[in-house]
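Structure, as structure tokens:
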Amino acid sequence: MPKGANQKLKLYYLAKLMVKETDDDHYLTMPQIRELLTERYGITADRKSLYDDMEALRTLGIDVMMEQVGKNYFYHVGSKHFEIAELKLLVDAIQSSKFITERKSNELIKKLTGLVSEYEASQLKRQVEVQGRIKTMNESIYYIVDEIHTAISTNKRIRFEYLKWNLNKELVPRKEGFYEVSPWALTWDDENYYLIAFDAEADKIKHYRVDKMRNIDLLADKRLGKEHFKAFDMAAYSKMNFGMFGGKETKVKLKFKNELVGVLIDRFGKDISIRRSDENGYSVTSVDVALSDQFFGWLFALSDGVVIVSPDDVKEKYKEELQRIINGYN
């Protein structure tokens, strides 16, 4: 039988054909496989060689399955690297993510659809509607994240400009010069990506929005602050810092209506201690928070459903904030 020009790539194209054209609900017969290989790729193959090729694909980790129905044999790829349900979750996460730009979202989803058959790929072309979703516009964020990972893996400090918005809707430096920190972790919180780092000058752990970082450089100096991260709990840090807005860390005792227990657990986790209050219908808990406008805003949104019991200075500060808001309407 004459050989096609792409004959040396037969195994590759056969694998591509099986992955893209078959799944648990779509099959190909051997005559169909031979015909598609010839029409699409100019490859000719006899049955015996294709039987050997199918076995080679299995050896390479592609789950080629054969099923007999009457006198006919049908071939398809069974399990793949990702189940279709897993890919749907990934697509939904990418589309609804504020952190990922629109262009990058489309690129990532296109790559994910390449992992499944064409029939399954059509199920991944979904549009997740998220109210008020605003995509980031900073395309360089992916390279910044890569630089941070490199710094962490090579134990290096980094230097960067940190930006803020001005009234002209422009991102401008927060201060003259650069920030210099020791990066230790990255976290995704409140729909934003954050760098968790040690600031040697302030001698404390700080966090920075990655999409507000620019002109990042890896330094030759080794990282500092290892002792601060030995017992560092990322989940606890994120729960304490509302929307990752930092403030003075304080233990606060809160009284809340029993029907709001889910709100407290969602915010602070299941490990918080809860005990009944002397006041009927209420319970109390003590939590560590970073005192900030965001914490007080969270309290305000819950009205009288959650009340600060102690310490007194936090109660007074909250009262002052409430009075300041009232004065703004005089």
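Ligands are numbered from 1 in the order shown, residues from 1 within each chain, and chains are lettered A, B, ... in the order they appear in the structure tokens.
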
>> Need the shell around Ala220 in chain A: protein/DNA/RNA residues with any atom at most 9 Å away, counting only C-alpha atoms. Skip same-chain ones fewer than 3 positions apart. Format as a ChimeraX atom specification?
In response: /A:156-158

Could the residues in this selection be written to a file with C-alpha atoms, as a PDB file, in the first residue's frame?
ATOM      1  CA  LYS A 156      15.282  35.939  46.747  1.00  0.00           C
ATOM      2  CA  ARG A 157      13.929  39.315  47.776  1.00  0.00           C
ATOM      3  CA  ILE A 158      12.036  41.457  45.271  1.00  0.00           C
TER       4      ILE A 158
END

>> So that I can see what lies close to range 181-195 of chain A, please list as number ranges by chain the residues with an atom at most 8 Å from it, counting only C-alpha atoms and leaving out residues fewer than 4 positions away in the same chain.
In response: A: 97-99, 148, 151-152, 156-159, 199-200, 207-211, 223-225, 229, 234, 238, 243-244

Counting only C-alpha atoms, which residues of range 75-120 of chain A sit at most 12 Å from some atom of range 49-56 of chain A, and what is each one's closest atom pair with its distance in Å to one decimal, listed by chain and rising residue number, as CSV?
residue,atom,partner,partner_atom,distance
A:Tyr75,CA,A:Met54,CA,9.4
A:His76,CA,A:Met54,CA,10.4
A:Val77,CA,A:Met54,CA,10.4

Contacts of His228 in chain A within 10 Å, only C-alpha atoms, excl. fewer than 6 positions in-chain, as a compact mmCIF listing (two decimals) with N, CA and C atoms, in the first residue's frame:
# COMPACT_ATOMS: atom_id res chain seq x y z
N PHE A 198 7.34 39.61 53.82
CA PHE A 198 7.89 40.17 55.05
C PHE A 198 8.56 41.49 54.71
N ASP A 203 9.35 45.31 60.07
CA ASP A 203 9.45 44.10 60.88
C ASP A 203 8.09 43.43 61.06
N LYS A 204 7.36 43.25 59.94
CA LYS A 204 6.05 42.62 60.02
C LYS A 204 5.65 42.02 58.67
N ILE A 205 4.67 41.14 58.72
CA ILE A 205 4.11 40.54 57.52
C ILE A 205 3.11 41.52 56.89

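We find CA of Asp233 in chain A and CA of Phe256 in chain A to be spaced 25.9 Å apart.
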
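What separates CA of Val306 in chain A from CA of Thr285 in chain A is a distance of 10.4 Å.
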
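Compared by their closest atoms to Tyr237 in chain A, and using only C-alpha atoms, the residues A:Val261, A:Leu171, A:Leu218, A:Ala290 rank with A:Ala290 nearest.
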
Taking the backbone alone, and naming residues the way the document does, which bits of range 83-226 of chain A are helix (DSSP H, G or I) by DSSP, as a short mmCIF file (atom, residue, chain, number, x, y, z; two decimals) with N, CA and C atoms, in the first residue's frame?
data_model
loop_
_atom_site.label_atom_id
_atom_site.label_comp_id
_atom_site.auth_asym_id
_atom_site.auth_seq_id
_atom_site.Cartn_x
_atom_site.Cartn_y
_atom_site.Cartn_z
N ILE A 84 -15.22 15.73 32.06
CA ILE A 84 -15.90 16.90 31.51
C ILE A 84 -16.47 17.77 32.63
N ALA A 85 -16.93 17.14 33.72
CA ALA A 85 -17.46 17.92 34.85
C ALA A 85 -16.37 18.76 35.50
N GLU A 86 -15.14 18.21 35.57
CA GLU A 86 -14.03 18.96 36.15
C GLU A 86 -13.68 20.17 35.27
N LEU A 87 -13.70 19.96 33.95
CA LEU A 87 -13.39 21.07 33.04
C LEU A 87 -14.47 22.14 33.08
N LYS A 88 -15.71 21.75 33.26
CA LYS A 88 -16.79 22.74 33.38
C LYS A 88 -16.56 23.63 34.60
N LEU A 89 -16.11 23.02 35.69
CA LEU A 89 -15.82 23.81 36.89
C LEU A 89 -14.68 24.80 36.62
N LEU A 90 -13.64 24.34 35.91
CA LEU A 90 -12.52 25.21 35.60
C LEU A 90 -12.95 26.36 34.68
N VAL A 91 -13.76 26.06 33.70
CA VAL A 91 -14.24 27.10 32.78
C VAL A 91 -15.08 28.13 33.53
N ASP A 92 -15.96 27.65 34.40
CA ASP A 92 -16.79 28.58 35.18
C ASP A 92 -15.92 29.48 36.05
N ALA A 93 -14.88 28.89 36.66
CA ALA A 93 -14.00 29.67 37.53
C ALA A 93 -13.24 30.72 36.73
N ILE A 94 -12.79 30.35 35.54
CA ILE A 94 -12.04 31.29 34.69
C ILE A 94 -12.95 32.42 34.23
N GLN A 95 -14.15 32.10 33.77
CA GLN A 95 -15.05 33.12 33.24
C GLN A 95 -15.52 34.08 34.33
N SER A 96 -15.72 33.58 35.53
CA SER A 96 -16.26 34.43 36.59
C SER A 96 -15.17 35.15 37.38
N GLU A 102 -10.18 39.45 30.16
CA GLU A 102 -11.09 38.87 29.17
C GLU A 102 -10.32 38.10 28.11
N ARG A 103 -9.25 38.69 27.61
CA ARG A 103 -8.46 38.03 26.56
C ARG A 103 -7.83 36.75 27.08
N LYS A 104 -7.26 36.80 28.30
CA LYS A 104 -6.63 35.61 28.85
C LYS A 104 -7.66 34.54 29.17
N SER A 105 -8.85 34.96 29.60
CA SER A 105 -9.92 33.99 29.85
C SER A 105 -10.22 33.19 28.59
N ASN A 106 -10.35 33.88 27.46
CA ASN A 106 -10.65 33.21 26.20
C ASN A 106 -9.52 32.28 25.79
N GLU A 107 -8.28 32.70 26.01
CA GLU A 107 -7.13 31.85 25.66
C GLU A 107 -7.11 30.58 26.50
N LEU A 108 -7.33 30.71 27.80
CA LEU A 108 -7.29 29.55 28.70
C LEU A 108 -8.41 28.57 28.38
N ILE A 109 -9.61 29.10 28.11
CA ILE A 109 -10.74 28.22 27.82
C ILE A 109 -10.51 27.48 26.51
N LYS A 110 -9.91 28.16 25.52
CA LYS A 110 -9.60 27.51 24.25
C LYS A 110 -8.63 26.35 24.47
N LYS A 111 -7.66 26.54 25.35
CA LYS A 111 -6.71 25.46 25.65
C LYS A 111 -7.39 24.30 26.36
N LEU A 112 -8.34 24.61 27.25
CA LEU A 112 -9.06 23.55 27.95
C LEU A 112 -9.91 22.72 27.00
N THR A 113 -10.53 23.38 26.01
CA THR A 113 -11.36 22.65 25.06
C THR A 113 -10.53 21.69 24.21
N GLU A 118 -14.57 17.14 20.31
CA GLU A 118 -15.30 18.30 19.81
C GLU A 118 -16.72 18.35 20.37
N TYR A 119 -17.28 17.19 20.62
CA TYR A 119 -18.65 17.14 21.17
C TYR A 119 -18.65 17.65 22.61
N GLU A 120 -17.65 17.23 23.38
CA GLU A 120 -17.55 17.70 24.76
C GLU A 120 -17.16 19.17 24.82
N ALA A 121 -16.33 19.61 23.86
CA ALA A 121 -15.89 21.01 23.84
C ALA A 121 -17.07 21.97 23.71
N SER A 122 -18.12 21.55 22.98
CA SER A 122 -19.29 22.41 22.83
C SER A 122 -19.97 22.66 24.17
N GLN A 123 -19.84 21.71 25.10
CA GLN A 123 -20.43 21.88 26.43
C GLN A 123 -19.63 22.87 27.29
N LEU A 124 -18.37 23.09 26.89
CA LEU A 124 -17.53 24.00 27.66
C LEU A 124 -17.69 25.45 27.23
N ILE A 141 0.08 40.98 34.70
CA ILE A 141 -0.05 40.33 36.01
C ILE A 141 0.47 38.89 35.98
N TYR A 142 0.32 38.20 34.84
CA TYR A 142 0.75 36.81 34.75
C TYR A 142 2.27 36.69 34.85
N TYR A 143 2.96 37.66 34.28
CA TYR A 143 4.42 37.66 34.33
C TYR A 143 4.90 38.07 35.72
N ILE A 144 4.15 38.95 36.37
CA ILE A 144 4.49 39.35 37.74
C ILE A 144 4.36 38.15 38.68
N VAL A 145 3.27 37.41 38.52
CA VAL A 145 3.07 36.21 39.33
C VAL A 145 4.21 35.22 39.11
N ASP A 146 4.61 35.06 37.87
CA ASP A 146 5.71 34.14 37.55
C ASP A 146 7.01 34.60 38.21
N GLU A 147 7.27 35.91 38.21
CA GLU A 147 8.47 36.45 38.84
C GLU A 147 8.43 36.20 40.35
N ILE A 148 7.26 36.36 40.94
CA ILE A 148 7.12 36.15 42.39
C ILE A 148 7.38 34.69 42.72
N HIS A 149 6.82 33.78 41.94
CA HIS A 149 7.06 32.35 42.18
C HIS A 149 8.55 32.02 42.05
N THR A 150 9.20 32.64 41.08
CA THR A 150 10.63 32.42 40.90
C THR A 150 11.41 32.91 42.12
N ALA A 151 11.03 34.08 42.62
CA ALA A 151 11.71 34.63 43.80
C ALA A 151 11.52 33.73 45.02
N ILE A 152 10.30 33.20 45.18
CA ILE A 152 10.04 32.31 46.32
C ILE A 152 10.86 31.02 46.20
N SER A 153 10.87 30.44 44.99
CA SER A 153 11.57 29.16 44.82
C SER A 153 13.09 29.31 44.90
N VAL A 210 -1.48 42.00 43.72
CA VAL A 210 -0.54 41.73 42.63
C VAL A 210 -0.85 42.60 41.41
N ASP A 211 -2.12 42.88 41.14
CA ASP A 211 -2.45 43.68 39.96
C ASP A 211 -2.10 45.15 40.13
N LYS A 212 -1.67 45.55 41.35
CA LYS A 212 -1.21 46.92 41.58
C LYS A 212 0.32 47.01 41.62
N LYS A 226 11.97 34.45 57.84
CA LYS A 226 11.59 33.04 57.91
C LYS A 226 10.93 32.69 59.23
#

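Residue neighbourhood of Glu249 in chain A, excluding near-sequence residues (fewer than 6 positions): Met240, Asp288, Val289, Ala290 and Leu291 of chain A, at 8 Å, using only C-alpha atoms.
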
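The list of residues with at least one atom within 12 Å of Ser277 in chain A, based on only C-alpha atoms and without residues fewer than 3 positions apart in the same chain, reads Lys253, Leu254, Lys255, Phe256, Lys257, Asn258, Ile274, Asn280, Gly281, Tyr282, Ser283, Val284, Thr285 and Val309 of chain A.
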
So that I have them on file, write out the residues from the current selection with C-alpha atoms, as an mmCIF file, in the first residue's frame.
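After the write, part-v1.cif holds the following:
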data_model
loop_
_atom_site.group_PDB
_atom_site.id
_atom_site.type_symbol
_atom_site.label_atom_id
_atom_site.label_comp_id
_atom_site.auth_asym_id
_atom_site.auth_seq_id
_atom_site.Cartn_x
_atom_site.Cartn_y
_atom_site.Cartn_z
ATOM 1 C CA LYS A 253 -15.831 39.690 71.562
ATOM 2 C CA LEU A 254 -19.039 39.766 69.528
ATOM 3 C CA LYS A 255 -22.664 39.143 70.466
ATOM 4 C CA PHE A 256 -24.873 38.014 67.594
ATOM 5 C CA LYS A 257 -28.393 36.861 66.875
ATOM 6 C CA ASN A 258 -28.538 33.092 66.711
ATOM 7 C CA ILE A 274 -19.637 29.842 70.400
ATOM 8 C CA ASN A 280 -32.389 35.188 74.906
ATOM 9 C CA GLY A 281 -31.868 34.545 71.184
ATOM 10 C CA TYR A 282 -28.219 35.664 71.202
ATOM 11 C CA SER A 283 -24.819 33.961 71.393
ATOM 12 C CA VAL A 284 -21.255 35.272 71.775
ATOM 13 C CA THR A 285 -17.891 34.521 70.235
ATOM 14 C CA VAL A 309 -19.101 43.436 73.502
#
